[in-house]
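Here is the structure we will look at, set down as C-alpha cells.
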Amino acid sequence: MLKPPAYQKIQQTSFLNPPSYIVYNDVRFLIIDTPSINNMPRYIKEFERWNVTDVVRCCKATYSQTILNDRGIKVHDWIFSDGDPPSNNIIDEWLNLVNSRFKHEENTIVYDDQKEKEDETINEEEDQAIIIKKRPCIAAHCVAGLGRAPVLVAIALIEEGMDPLDSVAFVRKHRQGAINNRQLKYLETYKRRRNQTSCIIS
C-alpha cells in the first residue's frame, strides 16, 4: 500500500480510487481514499451526492475536520494500524454510529438540485412537490480505502446478518482490491456483537 507522501502526490488533482457506494438492507456506506486539501472539493461533491452525514477516518488526518463540520458533516477519528483489526472500542463506536444513523434515522428532507435547475421559475407549491427525502450515508476512509475502511463496512454487513465471507465478496464487488488476506482471516472469525434488539453484547 502506498505511503502517505507518495499518495499525496497522486492525490493532487484526482482520486486514487473512485468512491465506492455500498448499500445493503438499511445501511449505506461510501468507501473512499483519504482526501487532501487540494482535492477536497471533489469529495464534498460526492458527499453531497450521496447525502453523507458522517465521515470516519481510520488513518492520520490529512485535512481539517472543520471543512466538513461547516457543511453539517460529522467527522469521527477512529484510527487503527493498517493490516490490524479495529479495537473493541472502535467496533463499539462504529456500530453505535451505524445504529444511530440507520436504525433510528429520521428521513432528512433536502432539495433535488438537479430538478431545481431544470425549472427555475417554479412557485412555492411546485417547489414543495420536488422536495425529496434522502437517507443518510456514512463515508469511511483509510489511506487508499482498500483495507481499514472496507473492514469496518464488512463488519457492519455481518451485523446486518450477512455471512462473513459473503460480506467480503460484497465489498470487493464494489471496491476491487479491498481487504487483504490478514484482514480476511480476521473477518472469517468475527462474531456478531449485537442481539436482535440491536444492542451491543458486552
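How things are named: the first chain in the C-alpha cells is A, the next is B, and so on; residues count from 1 in each chain; ligands count from 1 in the order shown.
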Q: With a distance cut-off of 7 Å and only C-alpha atoms, select the neighbouring residues of stretch 53-56 of chain A, excluding the residue or stretch itself and same-chain residues fewer than 4 positions from it, and output the selection as a list in words.
A: Ile73, Lys74, Val75, His76, Asp77, Trp78, Pro136, Cys137, Ile138, Ala139, Ala140 and His141 of chain A
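The shortest atom-to-atom distance to A:Arg42, with only C-alpha atoms taken into account, belongs to A:Pro19 out of A:Pro86, A:Val27, A:Pro19, A:Ala61.
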Q.
Give me, as a PyMOL selection string, all polymer residues having an atom no more than 10 Å from A:Asp33, counting only C-alpha atoms and skipping those fewer than 5 positions away in the same chain.
A. chain A and resi 7+11+15-20+43+57+140-146+149
Write out, as a PDB file, in the first residue's frame, the residues just selected, with C-alpha atoms.
ATOM      1  CA  TYR A   7      -0.037   9.022  -2.018  1.00  0.00           C
ATOM      2  CA  GLN A  11      -3.962  12.950  -4.937  1.00  0.00           C
ATOM      3  CA  PHE A  15      -8.977  10.198  -6.692  1.00  0.00           C
ATOM      4  CA  LEU A  16      -6.550   7.333  -6.213  1.00  0.00           C
ATOM      5  CA  ASN A  17      -9.586   5.039  -6.281  1.00  0.00           C
ATOM      6  CA  PRO A  18     -13.087   6.232  -7.229  1.00  0.00           C
ATOM      7  CA  PRO A  19     -15.561   6.367  -4.317  1.00  0.00           C
ATOM      8  CA  SER A  20     -17.483   3.120  -3.818  1.00  0.00           C
ATOM      9  CA  TYR A  43     -15.037  14.750  -2.236  1.00  0.00           C
ATOM     10  CA  ARG A  57     -11.199   8.497   9.463  1.00  0.00           C
ATOM     11  CA  ALA A 140     -15.229   5.853   5.675  1.00  0.00           C
ATOM     12  CA  HIS A 141     -11.637   6.101   4.578  1.00  0.00           C
ATOM     13  CA  CYS A 142      -8.131   4.926   5.360  1.00  0.00           C
ATOM     14  CA  VAL A 143      -5.209   5.851   3.097  1.00  0.00           C
ATOM     15  CA  ALA A 144      -6.207   4.125  -0.138  1.00  0.00           C
ATOM     16  CA  GLY A 145      -9.636   2.933   1.006  1.00  0.00           C
ATOM     17  CA  LEU A 146      -8.681  -0.705   0.488  1.00  0.00           C
ATOM     18  CA  ALA A 149     -12.333   1.287   5.888  1.00  0.00           C
TER      19      ALA A 149
END
Q) Looking at only C-alpha atoms, which of A:Asn181, A:Gln65, A:Thr189, A:Asn51 is the one that sits closest to A:Arg135? A) A:Asn51
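Residue neighbourhood of stretch 158-171 of chain A, excluding near-sequence residues (fewer than 3 positions): Ile22, Asn25, Pro150, Val153, Ala154, Ile155, His174, Arg175, Ala178, Ile179, Leu184, Leu187, Glu188, Thr189, Tyr190, Arg192, Arg193 and Arg194 of chain A, at 8 Å, using only C-alpha atoms.
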How would the residues just picked look written out with C-alpha atoms as a compact mmCIF listing (two decimals), in the first residue's frame?
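Writing the result to again.txt gives the following:
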# COMPACT_ATOMS: atom_id res chain seq x y z
CA ILE A 22 -22.35 0.23 -0.86
CA ASN A 25 -30.77 -3.52 3.75
CA PRO A 150 -13.61 -1.78 3.97
CA VAL A 153 -18.03 -1.79 6.31
CA ALA A 154 -17.73 -5.58 6.19
CA ILE A 155 -18.28 -5.71 9.96
CA HIS A 174 -17.92 -2.69 -5.21
CA ARG A 175 -14.29 -1.98 -4.25
CA ALA A 178 -10.26 -4.35 -0.89
CA ILE A 179 -9.38 -6.43 2.20
CA LEU A 184 -9.94 -11.70 5.60
CA LEU A 187 -13.42 -11.27 9.36
CA GLU A 188 -13.85 -15.03 8.94
CA THR A 189 -13.79 -15.39 12.74
CA TYR A 190 -15.71 -12.22 13.57
CA ARG A 192 -21.75 -10.60 15.76
CA ARG A 193 -21.82 -8.23 18.71
CA ARG A 194 -25.48 -7.30 18.61
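Put simply, atom CA of A:Gln183 is 6.4 Å away from atom CA of A:Gly83.
With atom CA of A:Pro41 on one side and atom CA of A:Phe29 on the other, the separation reads 19.3 Å.
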